[in-house]
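Shown next: input.txt, containing compact mmCIF, C-alpha atoms.
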```txt
# COMPACT_ATOMS: atom_id res chain seq x y z
CA MET G 1 129.69 53.66 80.30
CA HIS G 2 127.43 51.43 82.36
CA THR G 3 128.05 47.72 81.91
CA THR G 4 126.26 46.07 84.85
CA ALA G 5 122.69 46.14 86.11
CA LEU G 6 120.38 44.82 88.81
CA VAL G 7 116.80 44.23 87.65
CA LEU G 8 113.94 44.24 90.16
CA PHE G 9 112.32 41.08 88.89
CA SER G 10 108.93 39.85 90.08
CA GLY G 11 108.26 37.39 87.28
CA GLY G 12 105.53 39.53 85.76
CA GLN G 13 105.09 41.01 82.29
CA ASP G 14 106.68 44.36 83.08
CA SER G 15 109.75 43.13 84.93
CA THR G 16 110.36 40.42 82.31
CA THR G 17 110.31 43.05 79.58
CA CYS G 18 112.71 45.20 81.61
CA LEU G 19 114.99 42.21 82.12
CA ALA G 20 115.03 41.49 78.39
CA GLN G 21 115.98 45.08 77.68
CA ALA G 22 118.72 45.03 80.30
CA LEU G 23 120.12 41.81 78.84
CA SER G 24 120.25 43.47 75.44
CA LYS G 25 122.19 46.45 76.86
CA TYR G 26 124.46 45.35 79.69
CA GLU G 27 127.30 42.85 79.94
CA ARG G 28 126.26 41.46 83.34
CA VAL G 29 122.71 41.47 84.68
CA GLU G 30 121.60 40.19 88.07
CA THR G 31 118.02 39.91 89.29
CA LEU G 32 116.33 40.63 92.60
CA GLY G 33 112.95 39.43 93.85
CA PHE G 34 111.08 40.16 97.08
CA ASP G 35 109.02 37.82 99.21
CA TYR G 36 106.81 40.12 101.28
CA GLY G 37 103.87 37.85 102.06
CA GLN G 38 102.01 38.82 98.90
CA ARG G 39 98.73 37.02 98.25
CA HIS G 40 99.96 36.24 94.74
CA HIS G 41 102.98 34.42 96.16
CA ILE G 42 102.86 32.15 93.13
CA GLU G 43 104.82 34.86 91.33
CA MET G 44 107.88 33.61 93.23
CA ASP G 45 107.53 30.29 91.41
CA ALA G 46 106.82 32.01 88.10
CA ARG G 47 109.98 34.09 88.25
CA ARG G 48 112.15 30.96 88.51
CA VAL G 49 110.43 29.48 85.44
CA VAL G 50 110.88 32.70 83.47
CA LEU G 51 114.58 32.91 84.32
CA ALA G 52 115.17 29.28 83.33
CA ASN G 53 113.32 29.70 80.04
CA LEU G 54 115.11 32.93 79.20
CA ARG G 55 118.44 31.13 79.58
CA GLU G 56 117.26 28.22 77.45
CA ARG G 57 115.43 30.03 74.65
CA PHE G 58 117.66 33.10 74.28
CA PRO G 59 121.25 31.84 74.10
CA GLN G 60 122.44 35.31 73.14
CA TRP G 61 121.40 36.54 76.59
CA ALA G 62 122.30 33.52 78.71
CA PRO G 63 126.00 34.46 79.20
CA ARG G 64 124.93 37.84 80.55
CA MET G 65 122.52 36.45 83.14
CA GLY G 66 124.16 36.59 86.55
CA GLU G 67 123.04 35.61 90.01
CA ASP G 68 119.40 35.77 91.11
CA HIS G 69 118.69 37.11 94.60
CA VAL G 70 115.56 36.92 96.77
CA LEU G 71 115.09 39.04 99.89
CA THR G 72 112.36 38.68 102.51
CA LEU G 73 110.30 41.65 103.66
CA ALA G 74 107.84 40.27 106.20
CA ALA G 75 107.40 43.74 107.70
CA LEU G 76 105.15 44.74 104.79
CA GLN G 77 102.73 41.95 105.65
CA GLN G 78 102.92 42.86 109.34
CA LEU G 79 101.93 46.43 108.53
CA GLY G 80 98.87 45.05 106.70
CA GLY G 81 96.05 47.15 105.34
CA SER G 82 96.59 46.22 101.68
CA SER G 83 94.61 43.79 99.55
CA LEU G 84 97.95 42.50 98.26
CA THR G 85 98.91 41.23 101.71
CA ASP G 86 95.51 40.76 103.44
CA GLU G 87 92.51 38.66 102.43
CA VAL G 88 90.27 41.64 101.68
CA ALA G 89 88.37 42.67 98.58
CA PHE G 90 89.87 45.12 96.11
CA ALA G 91 88.45 48.61 96.76
CA MET G 92 89.23 52.31 96.64
CA GLN G 93 90.42 54.01 99.82
CA ALA G 94 89.35 57.35 101.24
CA ASP G 95 92.59 58.94 99.96
CA GLY G 96 91.68 58.03 96.37
CA LEU G 97 94.23 55.22 96.05
CA PRO G 98 93.26 51.57 95.52
CA ASN G 99 93.83 49.31 98.51
CA THR G 100 96.29 47.34 96.37
CA PHE G 101 98.74 50.12 97.29
CA VAL G 102 101.36 48.81 99.74
CA PRO G 103 102.76 51.97 101.41
CA GLY G 104 106.51 52.24 101.12
CA ARG G 105 106.89 49.02 99.12
CA ASN G 106 108.83 50.44 96.18
CA LEU G 107 110.83 52.70 98.46
CA LEU G 108 111.96 49.67 100.46
CA PHE G 109 112.56 47.67 97.28
CA LEU G 110 114.82 50.35 95.86
CA THR G 111 116.68 50.90 99.14
CA LEU G 112 117.49 47.20 99.41
CA ALA G 113 118.31 47.05 95.70
CA GLY G 114 120.74 49.91 96.24
CA ALA G 115 122.41 48.06 99.12
CA LEU G 116 122.70 44.89 97.04
CA ALA G 117 123.98 46.80 94.01
CA TYR G 118 126.62 48.35 96.28
CA ARG G 119 127.76 44.94 97.53
CA ARG G 120 127.70 43.36 94.07
CA GLY G 121 129.38 46.24 92.26
CA LEU G 122 126.39 46.89 90.00
CA GLN G 123 125.90 50.31 88.44
CA VAL G 124 122.27 50.44 87.29
CA ILE G 125 119.02 49.51 89.06
CA VAL G 126 116.24 48.67 86.61
CA THR G 127 112.61 48.74 87.70
CA GLY G 128 109.37 48.38 85.75
CA VAL G 129 107.42 51.19 87.38
CA CYS G 130 105.20 53.20 85.07
CA GLU G 131 103.30 56.49 85.23
CA THR G 132 101.15 55.84 82.14
CA ASP G 133 99.18 52.62 82.66
CA PHE G 134 99.18 52.28 86.44
CA SER G 135 96.93 52.42 89.47
CA GLY G 136 98.01 55.82 90.74
CA TYR G 137 100.65 54.54 93.16
CA PRO G 138 102.77 57.52 94.26
CA ASP G 139 105.88 55.34 94.57
CA CYS G 140 105.73 54.54 90.84
CA ARG G 141 106.04 58.15 89.70
CA ASP G 142 109.01 59.54 87.83
CA ASP G 143 109.60 62.17 90.52
CA THR G 144 109.82 59.43 93.15
CA MET G 145 112.36 57.52 91.08
CA LYS G 146 114.51 60.61 90.56
CA ALA G 147 114.39 61.41 94.28
CA MET G 148 115.35 57.84 95.17
CA GLN G 149 118.24 57.91 92.71
CA ILE G 150 119.63 61.01 94.40
CA ALA G 151 119.05 59.63 97.91
CA LEU G 152 120.73 56.30 97.17
CA SER G 153 123.68 57.88 95.40
CA LEU G 154 124.25 60.25 98.32
CA GLY G 155 123.57 57.72 101.06
CA LEU G 156 125.81 55.06 99.56
CA GLU G 157 128.50 57.47 98.34
CA ARG G 158 128.26 55.79 94.96
CA ARG G 159 126.57 57.08 91.84
CA LEU G 160 123.70 54.72 91.02
CA LEU G 161 121.38 55.05 88.06
CA ILE G 162 117.72 54.06 88.42
CA GLU G 163 116.45 53.10 84.99
CA THR G 164 112.70 52.97 84.27
CA PRO G 165 112.19 51.69 80.69
CA LEU G 166 108.39 51.60 80.97
CA MET G 167 107.81 54.93 82.69
CA TRP G 168 106.17 56.73 79.75
CA ILE G 169 104.64 53.89 77.74
CA ASP G 170 101.33 52.08 78.13
CA LYS G 171 100.76 48.34 78.43
CA ALA G 172 100.21 47.97 74.67
CA ASP G 173 103.61 49.51 74.03
CA THR G 174 105.11 47.24 76.68
CA TRP G 175 103.98 44.27 74.60
CA LYS G 176 105.40 46.00 71.53
CA LEU G 177 108.73 46.58 73.27
CA ALA G 178 108.92 42.91 74.23
CA HIS G 179 108.37 41.93 70.62
CA ALA G 180 111.10 44.32 69.46
CA LEU G 181 113.52 42.83 71.99
CA GLY G 182 112.84 39.13 71.55
CA GLY G 183 110.32 38.64 68.78
CA GLN G 184 107.37 36.28 69.01
CA ALA G 185 109.43 33.92 71.17
CA LEU G 186 109.56 36.49 73.97
CA ILE G 187 105.88 37.32 73.56
CA ASP G 188 105.04 33.63 73.89
CA LEU G 189 107.21 33.31 76.99
CA ILE G 190 105.55 36.32 78.63
CA VAL G 191 102.06 35.03 77.84
CA GLU G 192 102.73 31.50 79.08
CA ASP G 193 105.18 31.89 81.96
CA THR G 194 104.90 35.31 83.58
CA HIS G 195 102.44 36.05 86.37
CA THR G 196 100.52 39.26 86.99
CA CYS G 197 97.20 38.32 88.63
CA TYR G 198 96.84 39.65 92.18
CA LEU G 199 94.78 36.60 93.14
CA GLY G 200 97.47 34.16 92.03
CA ASP G 201 95.21 32.48 89.48
CA ARG G 202 97.17 30.03 87.29
CA VAL G 203 94.06 28.08 86.24
CA HIS G 204 92.27 30.38 83.81
CA ARG G 205 94.18 30.83 80.55
CA HIS G 206 93.46 33.84 78.33
CA ALA G 207 95.05 35.10 75.12
CA TRP G 208 97.24 37.36 77.24
CA GLY G 209 98.19 34.73 79.83
CA TYR G 210 96.94 33.27 83.10
CA GLY G 211 94.82 35.15 85.62
CA CYS G 212 91.41 35.73 87.14
CA GLY G 213 90.65 38.31 84.46
CA THR G 214 88.98 40.70 86.90
CA CYS G 215 91.56 42.02 89.38
CA PRO G 216 93.24 45.39 88.66
CA ALA G 217 96.46 43.75 87.42
CA CYS G 218 94.62 41.42 85.05
CA ASP G 219 92.50 44.30 83.79
CA LEU G 220 95.56 46.37 82.87
CA ARG G 221 97.29 43.44 81.20
CA GLN G 222 94.16 42.42 79.32
CA ARG G 223 93.42 45.91 77.99
CA GLY G 224 97.04 46.36 76.96
CA TRP G 225 97.01 43.07 75.06
CA ALA G 226 93.79 44.06 73.28
CA ARG G 227 95.27 47.37 72.12
CA TYR G 228 98.54 45.72 71.11
CA SER G 229 96.75 42.99 69.14
CA GLU G 230 94.54 45.54 67.40
CA ARG G 231 97.54 47.65 66.38
CA GLU G 232 99.40 44.60 65.10
CA ALA G 233 96.37 43.52 63.10
CA ASN G 234 96.01 46.99 61.57
CA THR G 235 99.71 47.07 60.69
CA SER G 236 99.53 43.65 59.05
CA SER G 237 96.49 44.63 56.97
CA SER G 238 97.99 47.92 55.77
CA PRO G 239 99.14 47.92 52.12
```

File written out as structure tokens:
Amino acid sequence: MHTTALVLFSGGQDSTTCLAQALSKYERVETLGFDYGQRHHIEMDARRVVLANLRERFPQWAPRMGEDHVLTLAALQQLGGSSLTDEVAFAMQADGLPNTFVPGRNLLFLTLAGALAYRRGLQVIVTGVCETDFSGYPDCRDDTMKAMQIALSLGLERRLLIETPLMWIDKADTWKLAHALGGQALIDLIVEDTHTCYLGDRVHRHAWGYGCGTCPACDLRQRGWARYSEREANTSSSP
């Protein structure tokens, strides 16, 4: 039986939902964030706010919340070529992927998460990657996660489980999952405190939270909120 977990936690909607689920399942949960020179560096501030508010507003989870870790990955910014690390416009590349794709990012994240889990004695690595509502990133696919689980378990000589709670659900169902885990209080926290916008916009407030409203991340979050809200409205109006 698994009792401990390490959640890859960016401070966004997806990772906050994954953290809530981990806190509902495991006895000890630690968190890991990465500073890689991202343009939306404000997410590093947002994640601290989310963690503090989770402790305060969800006393049933607070005792399970362990240490928070932040690792630096400047090499990703040095490699460049992505609109998440360089001041360039969002666009599609010749290979059919958006230039928001940071090659190797999730592979590095998981490798370092595996090393930290090894040192901390943690059994499960939780990540919010998704193959349903996503931008086509190859390092978010289920096959990639399964391959990384095998590689880490072999390379570390320790059986690690990579858990992907959002892999097969869309953004609307991610909102629904958050509500099932923490009710309206968690929904309100995600709307107000989490950060998704690639441009780091914390000025413009929408029904679904803060963001520019036009970047790929905002677009996914906005469309998911619209579908979730419509489904909730239809459920409430049903006899």

Contact table region 217-239 of chain G vs region 201-205 of chain G, cut-off 12 Å, shortest pair per residue, all atoms listed in the file, as a tab-separated table:
```
residue	atom	partner	partner_atom	distance
G:Ala217	CA	G:Asp201	CA	11.5
G:Cys218	CA	G:Asp201	CA	10.0
G:Gln222	CA	G:Arg205	CA	11.7
```

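Across the structure, CA of Gly155 (chain G) and CA of Asp142 (chain G) are spaced 19.8 Å apart.
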
TODO: Would you mind listing what lies within 10 Å of region 54-59 of chain G as a ChimeraX atom specification, with only C-alpha atoms counted and same-chain residues fewer than 2 positions away left out?
DONE: /G:16,19-20,48-52,61-65,182,185-186,189

Task: Atom-to-atom span, CA of Glu232 (chain G) and CA of Ile169 (chain G), Å - done: 16.5 Å

- [ ] For CA of Arg120 (chain G) and CA of Ala22 (chain G), quote the distance in Å rounded to one decimal.
- [x] 16.5 Å

TODO: Pick out the closest residue to Glu163 (chain G) from this set: G:Thr132, G:Gln78, G:Thr127, G:Thr111. Count only C-alpha atoms.
DONE: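 Among G:Thr132, G:Gln78, G:Thr127, G:Thr111, it is G:Thr127 that comes nearest to Glu163 (chain G).
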
Open item on the list: as a PyMOL selection string, please: the residues near region 148-153 of chain G (cut-off 12 Å, only C-alpha atoms, same-chain neighbours under 6 positions excluded).
Closed with: chain G and resi 106-118+123-127+139-142+159-164

Open item on the list: Restricting the calculation to only C-alpha atoms: of G:Gly104, G:Ser229, G:Ala147, G:Leu199, which residue gets closest to Ile187 (chain G)?
Closed with: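 Ranking G:Gly104, G:Ser229, G:Ala147, G:Leu199 by distance to Ile187 (chain G), first place goes to G:Ser229.
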
TODO: Using all atoms listed in the file, find the one residue out of G:Cys197, G:Leu156, G:Ala207, G:Ala75 that sits nearest to Asp219 (chain G).
DONE: G:Cys197

Open item on the list: Which residues are close to Gly12 (chain G), i.e. within 7 Å by all atoms listed in the file, leaving aside same-chain residues fewer than 2 positions away? Reply as a VMD selection string.
Closed with: chain G and resid 10 14 to 16 194 to 196

Task: Top pick for closest residue to Cys212 (chain G), considering G:His40, G:Arg28, G:Arg158, G:Lys176 and counting only C-alpha atoms - done: G:His40

With N, CA and C atoms as the target, complete region 197-218 of chain G and hand it back as an mmCIF file, keeping the file's coordinate frame.
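File produced: selection36.cif:
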```cif
data_model
loop_
_atom_site.group_PDB
_atom_site.id
_atom_site.type_symbol
_atom_site.label_atom_id
_atom_site.label_comp_id
_atom_site.auth_asym_id
_atom_site.auth_seq_id
_atom_site.Cartn_x
_atom_site.Cartn_y
_atom_site.Cartn_z
ATOM 1 N N CYS G 197 98.462 38.336 87.878
ATOM 2 C CA CYS G 197 97.200 38.320 88.630
ATOM 3 C C CYS G 197 97.415 38.454 90.138
ATOM 4 N N TYR G 198 96.729 39.421 90.745
ATOM 5 C CA TYR G 198 96.840 39.650 92.180
ATOM 6 C C TYR G 198 96.267 38.501 92.999
ATOM 7 N N LEU G 199 95.383 37.720 92.417
ATOM 8 C CA LEU G 199 94.780 36.600 93.140
ATOM 9 C C LEU G 199 95.557 35.301 92.956
ATOM 10 N N GLY G 200 96.632 35.346 92.198
ATOM 11 C CA GLY G 200 97.470 34.160 92.030
ATOM 12 C C GLY G 200 96.838 33.077 91.180
ATOM 13 N N ASP G 201 95.931 33.459 90.292
ATOM 14 C CA ASP G 201 95.210 32.480 89.480
ATOM 15 C C ASP G 201 96.094 31.975 88.336
ATOM 16 N N ARG G 202 96.439 30.675 88.385
ATOM 17 C CA ARG G 202 97.170 30.030 87.290
ATOM 18 C C ARG G 202 96.310 28.942 86.645
ATOM 19 N N VAL G 203 94.998 29.066 86.790
ATOM 20 C CA VAL G 203 94.060 28.080 86.240
ATOM 21 C C VAL G 203 93.432 28.588 84.940
ATOM 22 N N HIS G 204 92.985 29.825 84.961
ATOM 23 C CA HIS G 204 92.270 30.380 83.810
ATOM 24 C C HIS G 204 93.263 30.969 82.808
ATOM 25 N N ARG G 205 93.245 30.418 81.605
ATOM 26 C CA ARG G 205 94.180 30.830 80.550
ATOM 27 C C ARG G 205 93.462 31.713 79.543
ATOM 28 N N HIS G 206 94.012 32.883 79.284
ATOM 29 C CA HIS G 206 93.460 33.840 78.330
ATOM 30 C C HIS G 206 94.482 34.052 77.211
ATOM 31 N N ALA G 207 94.122 34.814 76.213
ATOM 32 C CA ALA G 207 95.050 35.100 75.120
ATOM 33 C C ALA G 207 96.295 35.814 75.636
ATOM 34 N N TRP G 208 96.145 36.573 76.693
ATOM 35 C CA TRP G 208 97.240 37.360 77.240
ATOM 36 C C TRP G 208 97.981 36.650 78.380
ATOM 37 N N GLY G 209 97.521 35.470 78.762
ATOM 38 C CA GLY G 209 98.190 34.730 79.830
ATOM 39 C C GLY G 209 97.223 34.226 80.873
ATOM 40 N N TYR G 210 97.752 33.824 82.023
ATOM 41 C CA TYR G 210 96.940 33.270 83.100
ATOM 42 C C TYR G 210 96.498 34.374 84.069
ATOM 43 N N GLY G 211 95.306 34.203 84.626
ATOM 44 C CA GLY G 211 94.820 35.150 85.620
ATOM 45 C C GLY G 211 93.326 35.077 85.795
ATOM 46 N N CYS G 212 92.852 35.722 86.853
ATOM 47 C CA CYS G 212 91.410 35.730 87.140
ATOM 48 C C CYS G 212 90.640 36.510 86.093
ATOM 49 N N GLY G 213 91.295 37.498 85.482
ATOM 50 C CA GLY G 213 90.650 38.310 84.460
ATOM 51 C C GLY G 213 89.875 39.484 84.994
ATOM 52 N N THR G 214 89.802 39.633 86.323
ATOM 53 C CA THR G 214 88.980 40.700 86.900
ATOM 54 C C THR G 214 89.735 41.627 87.856
ATOM 55 N N CYS G 215 90.829 41.171 88.441
ATOM 56 C CA CYS G 215 91.560 42.020 89.380
ATOM 57 C C CYS G 215 92.215 43.186 88.627
ATOM 58 N N PRO G 216 92.648 44.229 89.343
ATOM 59 C CA PRO G 216 93.240 45.390 88.660
ATOM 60 C C PRO G 216 94.435 45.041 87.778
ATOM 61 N N ALA G 217 95.287 44.111 88.207
ATOM 62 C CA ALA G 217 96.460 43.750 87.420
ATOM 63 C C ALA G 217 96.061 43.037 86.133
ATOM 64 N N CYS G 218 95.097 42.118 86.237
ATOM 65 C CA CYS G 218 94.620 41.420 85.050
ATOM 66 C C CYS G 218 93.948 42.389 84.084
#
```
